[in-house]
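Notes follow once the structure below has been shown.
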Amino acid sequence: MSSIFFRTAIIFVLLSAAMKFMGKREIGELEVGELITTLLVSEVCSIPIDDPDIPLMNAVIPVLFIVSIEIIISHVKNKSRKLKRIIDGKPVFLIKSGRLNQQALYDNRISIEEFMTAIRQNGVGSIEEINHCILEANGKISVLKKDTKLSHAIISEGEVNFETLKSPGFNENWLSKALRGIAYDQVFLMTADNSGSVYIIKREKKG
């Protein structure tokens with residue numbers, strides 16, 4: 001019996017360390033890869049607890065490998081927007097500028113009942129109140145009312161998202177004027193709403 005408690009404590013410490021390295025998120029905010037990693041790790045860790053004859057290293061080595069792969073993939077995704085979009089998908093407008101996208105509901109297998117439940121959970125009682133409704137990459141639904149501005153991440157960590165730039169009707173000439181001489185690589189984050197109002201956070205110097 002004492003060995004079971006000892007093995008459980010070791011697994012608990014291992015899981016806690018693994019989750020810390022992966023970063024803190026709520027379960028509902030996990031991306032697909034993170035969710036798969038979490039399920040795999042929990043399954044692997046349960047084996048030596050259920051069977052005391054199985055060596056602990058049979059759980060430790062696979063867990064370290066799985067978590068390492070997830071961390072590497074996360075870093076690679078953050079460096080490549082195209083790869084991130086392929087792996088995680090991208091946000092989808094269910095309602096854009098007050099207009100319901102029925103095809104987006106069908107494509108994402110969201111029933112009207114599920115959709116109405118989701119907007120109520122966002123504190124909205126009627127579709128008429130909504131300006132934008134977005135199915136995020138993590139599966140959550142975000143709702144912006146008609147009196148709320150929608151900001152777009154135009155530049156993140158020095159890289160311009162040209163798809164996002166074109167979405168509200170902006171172009172590179174507009175971007176150049178909005179930056180007022182600031183180089184792309186000097187920008188940590190630049191957002192803009194549909195009216196063209198921008199907010200810029202410059203990169204901090206490492207050091």
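Going by the structure tokens order, chains are called A, B, ..., each with residues numbered from 1, while ligands are numbered from 1 in the order shown.
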Discussion item. Give me, as a PyMOL selection string, all polymer residues having an atom no more than 9 Å from Ala153 of chain A, counting only C-alpha atoms and skipping those fewer than 2 positions away in the same chain.
Written reply: chain A and resi 151+155-156+160-161+164-165+189-192
Sorted by chain and rising residue number, list the residues of segment 144-184 of chain A at most 12 Å from segment 61-79 of chain A (counting only C-alpha atoms), each with its closest atom pair and distance in Å to one decimal, as a tab-separated table.
```
residue	atom	partner	partner_atom	distance
A:Ser156	CA	A:Asn78	CA	10.2
A:Glu157	CA	A:Lys79	CA	9.5
A:Gly158	CA	A:Lys79	CA	10.9
A:Glu159	CA	A:Lys79	CA	9.4
```
Grab the residues selected above and save them as a PDB file, in the first residue's frame with C-alpha atoms.
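And here's part.pdb as it stands now:
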```
ATOM      1  CA  SER A 156       2.364  40.678 -33.632  1.00  0.00           C
ATOM      2  CA  GLU A 157       5.998  40.344 -32.596  1.00  0.00           C
ATOM      3  CA  GLY A 158       7.214  42.247 -35.649  1.00  0.00           C
ATOM      4  CA  GLU A 159       5.252  40.175 -38.186  1.00  0.00           C
TER       5      GLU A 159
END
```
Check the DSSP output for the backbone and give back, as an mmCIF file with N, CA and C atoms, in the first residue's frame, the residues of segment 87-185 of chain A in strand (DSSP E or B).
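The result, stored in states_27.cif:
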```cif
data_model
loop_
_atom_site.group_PDB
_atom_site.id
_atom_site.type_symbol
_atom_site.label_atom_id
_atom_site.label_comp_id
_atom_site.auth_asym_id
_atom_site.auth_seq_id
_atom_site.Cartn_x
_atom_site.Cartn_y
_atom_site.Cartn_z
ATOM 1 N N VAL A 92 -13.637 31.905 -36.810
ATOM 2 C CA VAL A 92 -14.665 31.973 -37.854
ATOM 3 C C VAL A 92 -15.776 32.909 -37.396
ATOM 4 N N PHE A 93 -16.167 33.840 -38.260
ATOM 5 C CA PHE A 93 -17.274 34.740 -37.948
ATOM 6 C C PHE A 93 -18.593 33.997 -38.117
ATOM 7 N N LEU A 94 -19.333 33.853 -37.027
ATOM 8 C CA LEU A 94 -20.694 33.315 -37.102
ATOM 9 C C LEU A 94 -21.676 34.443 -37.387
ATOM 10 N N ILE A 95 -21.364 35.620 -36.844
ATOM 11 C CA ILE A 95 -22.094 36.846 -37.183
ATOM 12 C C ILE A 95 -21.050 37.913 -37.480
ATOM 13 N N LYS A 96 -21.187 38.583 -38.608
ATOM 14 C CA LYS A 96 -20.247 39.649 -38.969
ATOM 15 C C LYS A 96 -21.042 40.884 -39.372
ATOM 16 N N ARG A 99 -24.739 40.406 -39.424
ATOM 17 C CA ARG A 99 -25.335 39.445 -40.353
ATOM 18 C C ARG A 99 -24.934 38.022 -39.975
ATOM 19 N N LEU A 100 -25.917 37.152 -39.777
ATOM 20 C CA LEU A 100 -25.674 35.767 -39.385
ATOM 21 C C LEU A 100 -25.151 34.970 -40.573
ATOM 22 N N ILE A 130 -26.203 41.781 -31.371
ATOM 23 C CA ILE A 130 -24.844 41.361 -31.702
ATOM 24 C C ILE A 130 -24.317 42.055 -32.962
ATOM 25 N N ASN A 131 -23.103 42.558 -32.862
ATOM 26 C CA ASN A 131 -22.400 43.090 -34.034
ATOM 27 C C ASN A 131 -21.518 42.003 -34.647
ATOM 28 N N HIS A 132 -20.700 41.360 -33.800
ATOM 29 C CA HIS A 132 -19.845 40.266 -34.251
ATOM 30 C C HIS A 132 -19.949 39.101 -33.285
ATOM 31 N N CYS A 133 -20.005 37.891 -33.828
ATOM 32 C CA CYS A 133 -19.961 36.669 -33.034
ATOM 33 C C CYS A 133 -18.915 35.767 -33.685
ATOM 34 N N ILE A 134 -17.924 35.348 -32.897
ATOM 35 C CA ILE A 134 -16.774 34.647 -33.462
ATOM 36 C C ILE A 134 -16.581 33.290 -32.781
ATOM 37 N N LEU A 135 -16.441 32.251 -33.592
ATOM 38 C CA LEU A 135 -16.052 30.940 -33.088
ATOM 39 C C LEU A 135 -14.526 30.920 -33.062
ATOM 40 N N ILE A 141 -17.013 30.534 -28.099
ATOM 41 C CA ILE A 141 -17.722 31.535 -28.899
ATOM 42 C C ILE A 141 -17.643 32.881 -28.193
ATOM 43 N N SER A 142 -17.132 33.877 -28.907
ATOM 44 C CA SER A 142 -17.040 35.242 -28.380
ATOM 45 C C SER A 142 -18.125 36.092 -29.013
ATOM 46 N N VAL A 143 -18.729 36.957 -28.220
ATOM 47 C CA VAL A 143 -19.812 37.812 -28.699
ATOM 48 C C VAL A 143 -19.490 39.276 -28.413
ATOM 49 N N LEU A 144 -19.594 40.111 -29.442
ATOM 50 C CA LEU A 144 -19.395 41.547 -29.290
ATOM 51 C C LEU A 144 -20.689 42.262 -29.665
ATOM 52 N N LYS A 145 -21.193 43.058 -28.727
ATOM 53 C CA LYS A 145 -22.424 43.792 -28.995
ATOM 54 C C LYS A 145 -22.188 44.950 -29.969
ATOM 55 N N SER A 151 -11.277 44.924 -32.367
ATOM 56 C CA SER A 151 -9.895 45.222 -32.707
ATOM 57 C C SER A 151 -9.253 44.028 -33.406
ATOM 58 N N HIS A 152 -8.402 44.326 -34.392
ATOM 59 C CA HIS A 152 -7.698 43.296 -35.140
ATOM 60 C C HIS A 152 -6.207 43.393 -34.835
ATOM 61 N N ALA A 153 -5.561 42.230 -34.624
ATOM 62 C CA ALA A 153 -4.107 42.217 -34.401
ATOM 63 C C ALA A 153 -3.420 42.309 -35.759
ATOM 64 N N ILE A 154 -2.979 43.503 -36.117
ATOM 65 C CA ILE A 154 -2.357 43.733 -37.423
ATOM 66 C C ILE A 154 -0.901 43.272 -37.428
ATOM 67 N N ILE A 155 -0.172 43.590 -36.359
ATOM 68 C CA ILE A 155 1.226 43.168 -36.228
ATOM 69 C C ILE A 155 1.399 42.488 -34.880
ATOM 70 N N SER A 156 2.036 41.345 -34.888
ATOM 71 C CA SER A 156 2.364 40.678 -33.632
ATOM 72 C C SER A 156 3.811 40.210 -33.682
ATOM 73 N N GLU A 159 5.732 40.816 -36.959
ATOM 74 C CA GLU A 159 5.252 40.175 -38.186
ATOM 75 C C GLU A 159 3.854 40.684 -38.537
ATOM 76 N N VAL A 160 3.699 41.124 -39.776
ATOM 77 C CA VAL A 160 2.410 41.652 -40.233
ATOM 78 C C VAL A 160 1.499 40.501 -40.652
#
```
Worksheet item: Could you pull the residues within 12 Å of Lys82 of chain A, counting only C-alpha atoms, minus those fewer than 6 positions along the same chain, as a PyMOL selection string?
Response: chain A and resi 76+88-90+161-163
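Near Ile11 of chain A, within 12 Å and counting only C-alpha atoms, sit A:Ile4, A:Phe5, A:Phe6, A:Arg7, A:Leu15, A:Ser16, A:Ala17, A:Ala18, A:Val41, A:Ser42, A:Glu43, A:Val44, A:Cys45, A:Ser46, A:Ile47, A:Pro48, A:Ile49, A:Asp50, A:Pro55, A:Leu56, A:Met57, A:Asn58, A:Ala59, A:Val60, A:Ile61, A:Val63, A:Leu64, not including residues fewer than 4 positions from it in the same chain.
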Expected file: the selected residues, C-alpha atoms, as a PDB file, in the first residue's frame:
```pdb
ATOM      1  CA  ILE A   4       1.103   2.969  -4.218  1.00  0.00           C
ATOM      2  CA  PHE A   5       1.061   6.221  -2.244  1.00  0.00           C
ATOM      3  CA  PHE A   6       4.721   6.813  -3.092  1.00  0.00           C
ATOM      4  CA  ARG A   7       4.182   6.149  -6.809  1.00  0.00           C
ATOM      5  CA  LEU A  15       2.222  15.899 -13.834  1.00  0.00           C
ATOM      6  CA  SER A  16       2.391  19.221 -11.974  1.00  0.00           C
ATOM      7  CA  ALA A  17       5.807  19.962 -13.484  1.00  0.00           C
ATOM      8  CA  ALA A  18       4.621  18.932 -16.962  1.00  0.00           C
ATOM      9  CA  VAL A  41      -0.155  12.299 -20.247  1.00  0.00           C
ATOM     10  CA  SER A  42      -2.991  11.475 -17.819  1.00  0.00           C
ATOM     11  CA  GLU A  43      -3.478   8.082 -19.478  1.00  0.00           C
ATOM     12  CA  VAL A  44       0.223   7.217 -19.394  1.00  0.00           C
ATOM     13  CA  CYS A  45       0.523   8.269 -15.754  1.00  0.00           C
ATOM     14  CA  SER A  46      -2.414   6.124 -14.667  1.00  0.00           C
ATOM     15  CA  ILE A  47      -0.742   2.875 -15.846  1.00  0.00           C
ATOM     16  CA  PRO A  48       1.985   2.525 -13.162  1.00  0.00           C
ATOM     17  CA  ILE A  49      -0.488   3.603 -10.469  1.00  0.00           C
ATOM     18  CA  ASP A  50      -2.957   0.868 -11.455  1.00  0.00           C
ATOM     19  CA  PRO A  55       8.284   0.506 -13.409  1.00  0.00           C
ATOM     20  CA  LEU A  56       7.742   4.233 -12.816  1.00  0.00           C
ATOM     21  CA  MET A  57      10.137   5.020 -15.647  1.00  0.00           C
ATOM     22  CA  ASN A  58       7.565   3.563 -18.036  1.00  0.00           C
ATOM     23  CA  ALA A  59       5.520   6.675 -17.253  1.00  0.00           C
ATOM     24  CA  VAL A  60       8.278   9.221 -16.681  1.00  0.00           C
ATOM     25  CA  ILE A  61      10.019   8.792 -20.046  1.00  0.00           C
ATOM     26  CA  VAL A  63       5.526  11.942 -20.282  1.00  0.00           C
ATOM     27  CA  LEU A  64       8.785  13.860 -20.737  1.00  0.00           C
TER      28      LEU A  64
END
```
Practice prompt. Please run DSSP on the backbone and report, as an MDAnalysis selection string, all residues within segment 71-154 of chain A that come out as helix (DSSP H, G or I).
Written response: chainID A and resid 71:79 81:88 102:107 112:121 127:129
Selection to disk with N, CA, C and O atoms, as a tab-separated table (two decimals), in the first residue's frame:
```tsv
chain	number	residue	atom	x	y	z
A	71	ILE	N	5.86	21.23	-26.41
A	71	ILE	CA	6.54	22.52	-26.25
A	71	ILE	C	7.23	22.93	-27.54
A	71	ILE	O	7.18	24.09	-27.97
A	72	ILE	N	7.90	21.96	-28.20
A	72	ILE	CA	8.58	22.24	-29.47
A	72	ILE	C	7.59	22.69	-30.54
A	72	ILE	O	7.81	23.68	-31.24
A	73	ILE	N	6.47	21.96	-30.64
A	73	ILE	CA	5.45	22.31	-31.63
A	73	ILE	C	4.88	23.70	-31.35
A	73	ILE	O	4.65	24.49	-32.28
A	74	SER	N	4.66	24.02	-30.07
A	74	SER	CA	4.12	25.34	-29.70
A	74	SER	C	5.07	26.46	-30.13
A	74	SER	O	4.64	27.48	-30.66
A	75	HIS	N	6.36	26.26	-29.90
A	75	HIS	CA	7.35	27.27	-30.30
A	75	HIS	C	7.39	27.43	-31.81
A	75	HIS	O	7.45	28.55	-32.33
A	76	VAL	N	7.34	26.30	-32.52
A	76	VAL	CA	7.37	26.35	-34.00
A	76	VAL	C	6.12	27.05	-34.52
A	76	VAL	O	6.19	27.86	-35.44
A	77	LYS	N	4.96	26.73	-33.92
A	77	LYS	CA	3.70	27.36	-34.35
A	77	LYS	C	3.75	28.87	-34.17
A	77	LYS	O	3.25	29.63	-35.00
A	78	ASN	N	4.33	29.32	-33.04
A	78	ASN	CA	4.38	30.75	-32.76
A	78	ASN	C	5.29	31.49	-33.73
A	78	ASN	O	5.19	32.71	-33.88
A	79	LYS	N	6.19	30.76	-34.38
A	79	LYS	CA	7.08	31.37	-35.36
A	79	LYS	C	6.50	31.32	-36.77
A	79	LYS	O	6.97	32.02	-37.67
A	81	ARG	N	2.85	31.54	-38.73
A	81	ARG	CA	1.40	31.75	-38.68
A	81	ARG	C	0.67	30.72	-39.54
A	81	ARG	O	-0.41	30.25	-39.20
A	82	LYS	N	1.27	30.35	-40.68
A	82	LYS	CA	0.64	29.37	-41.56
A	82	LYS	C	0.51	28.02	-40.89
A	82	LYS	O	-0.52	27.36	-40.97
A	83	LEU	N	1.59	27.60	-40.21
A	83	LEU	CA	1.55	26.31	-39.53
A	83	LEU	C	0.55	26.33	-38.39
A	83	LEU	O	-0.18	25.36	-38.17
A	84	LYS	N	0.48	27.43	-37.66
A	84	LYS	CA	-0.47	27.56	-36.55
A	84	LYS	C	-1.89	27.46	-37.07
A	84	LYS	O	-2.75	26.83	-36.45
A	85	ARG	N	-2.16	28.08	-38.23
A	85	ARG	CA	-3.50	28.05	-38.79
A	85	ARG	C	-3.87	26.63	-39.23
A	85	ARG	O	-5.00	26.19	-39.07
A	86	ILE	N	-2.86	25.89	-39.77
A	86	ILE	CA	-3.11	24.52	-40.22
A	86	ILE	C	-3.42	23.61	-39.03
A	86	ILE	O	-4.35	22.80	-39.07
A	87	ILE	N	-2.64	23.74	-37.96
A	87	ILE	CA	-2.79	22.86	-36.80
A	87	ILE	C	-4.00	23.23	-35.95
A	87	ILE	O	-4.80	22.37	-35.57
A	88	ASP	N	-4.13	24.51	-35.65
A	88	ASP	CA	-5.18	24.95	-34.71
A	88	ASP	C	-6.44	25.48	-35.38
A	88	ASP	O	-7.45	25.66	-34.73
A	102	GLN	N	-25.06	31.66	-41.89
A	102	GLN	CA	-25.70	30.36	-41.72
A	102	GLN	C	-24.78	29.22	-42.15
A	102	GLN	O	-24.74	28.16	-41.52
A	103	GLN	N	-24.00	29.44	-43.22
A	103	GLN	CA	-23.11	28.39	-43.72
A	103	GLN	C	-22.04	28.04	-42.69
A	103	GLN	O	-21.66	26.87	-42.54
A	104	ALA	N	-21.56	29.06	-41.94
A	104	ALA	CA	-20.55	28.82	-40.92
A	104	ALA	C	-21.12	27.93	-39.80
A	104	ALA	O	-20.40	27.09	-39.25
A	105	LEU	N	-22.39	28.12	-39.47
A	105	LEU	CA	-23.03	27.27	-38.46
A	105	LEU	C	-23.09	25.82	-38.96
A	105	LEU	O	-22.77	24.89	-38.22
A	106	TYR	N	-23.48	25.65	-40.23
A	106	TYR	CA	-23.56	24.30	-40.80
A	106	TYR	C	-22.18	23.65	-40.85
A	106	TYR	O	-22.02	22.48	-40.47
A	107	ASP	N	-21.19	24.40	-41.32
A	107	ASP	CA	-19.84	23.85	-41.50
A	107	ASP	C	-19.22	23.41	-40.17
A	107	ASP	O	-18.43	22.47	-40.13
A	112	ILE	N	-28.90	25.64	-34.00
A	112	ILE	CA	-29.46	26.92	-33.56
A	112	ILE	C	-29.59	26.95	-32.04
A	112	ILE	O	-29.30	27.96	-31.39
A	113	GLU	N	-29.99	25.81	-31.46
A	113	GLU	CA	-30.15	25.75	-30.01
A	113	GLU	C	-28.81	25.96	-29.30
A	113	GLU	O	-28.72	26.70	-28.31
A	114	GLU	N	-27.75	25.33	-29.81
A	114	GLU	CA	-26.42	25.49	-29.23
A	114	GLU	C	-25.94	26.93	-29.37
A	114	GLU	O	-25.34	27.49	-28.46
A	115	PHE	N	-26.23	27.51	-30.53
A	115	PHE	CA	-25.81	28.88	-30.79
A	115	PHE	C	-26.52	29.85	-29.84
A	115	PHE	O	-25.88	30.74	-29.26
A	116	MET	N	-27.83	29.68	-29.68
A	116	MET	CA	-28.58	30.56	-28.79
A	116	MET	C	-28.12	30.41	-27.34
A	116	MET	O	-28.03	31.38	-26.60
A	117	THR	N	-27.79	29.17	-26.95
A	117	THR	CA	-27.27	28.94	-25.59
A	117	THR	C	-25.95	29.68	-25.40
A	117	THR	O	-25.71	30.31	-24.36
A	118	ALA	N	-25.08	29.60	-26.42
A	118	ALA	CA	-23.76	30.23	-26.34
A	118	ALA	C	-23.86	31.75	-26.20
A	118	ALA	O	-23.15	32.35	-25.40
A	119	ILE	N	-24.78	32.39	-26.94
A	119	ILE	CA	-24.86	33.85	-26.85
A	119	ILE	C	-25.49	34.27	-25.52
A	119	ILE	O	-25.13	35.31	-24.96
A	120	ARG	N	-26.40	33.43	-24.99
A	120	ARG	CA	-26.96	33.74	-23.67
A	120	ARG	C	-25.88	33.64	-22.60
A	120	ARG	O	-25.85	34.43	-21.65
A	121	GLN	N	-25.00	32.66	-22.74
A	121	GLN	CA	-23.90	32.50	-21.78
A	121	GLN	C	-22.91	33.66	-21.85
A	121	GLN	O	-22.15	33.88	-20.92
A	127	ILE	N	-30.17	38.04	-30.73
A	127	ILE	CA	-29.21	38.16	-31.84
A	127	ILE	C	-29.14	39.59	-32.34
A	127	ILE	O	-28.09	40.04	-32.82
A	128	GLU	N	-30.23	40.33	-32.23
A	128	GLU	CA	-30.27	41.70	-32.73
A	128	GLU	C	-29.26	42.61	-32.03
A	128	GLU	O	-28.86	43.64	-32.58
A	129	GLU	N	-28.84	42.23	-30.84
A	129	GLU	CA	-27.87	43.03	-30.08
A	129	GLU	C	-26.43	42.83	-30.56
A	129	GLU	O	-25.54	43.60	-30.20
```
Worksheet item: Using only C-alpha atoms, which of A:Ser97, A:Ser195, A:Ile200, A:Gly169 sits nearest Ala183 of chain A?
Response: A:Ile200
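When atom CA of Phe188 of chain A is paired with atom CA of Asn138 of chain A, their separation reads 23.0 Å.
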Worksheet entry | Pick from A:Gln186, A:Thr148, A:Asn101, A:Asn194, whichever lies nearest to Lys166 of chain A using only C-alpha atoms |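 Of the candidates, the smallest distance to Lys166 of chain A is held by A:Asn194.
Distance-wise, atom CA of Lys140 of chain A and atom CA of Leu35 of chain A end up 14.1 Å apart.
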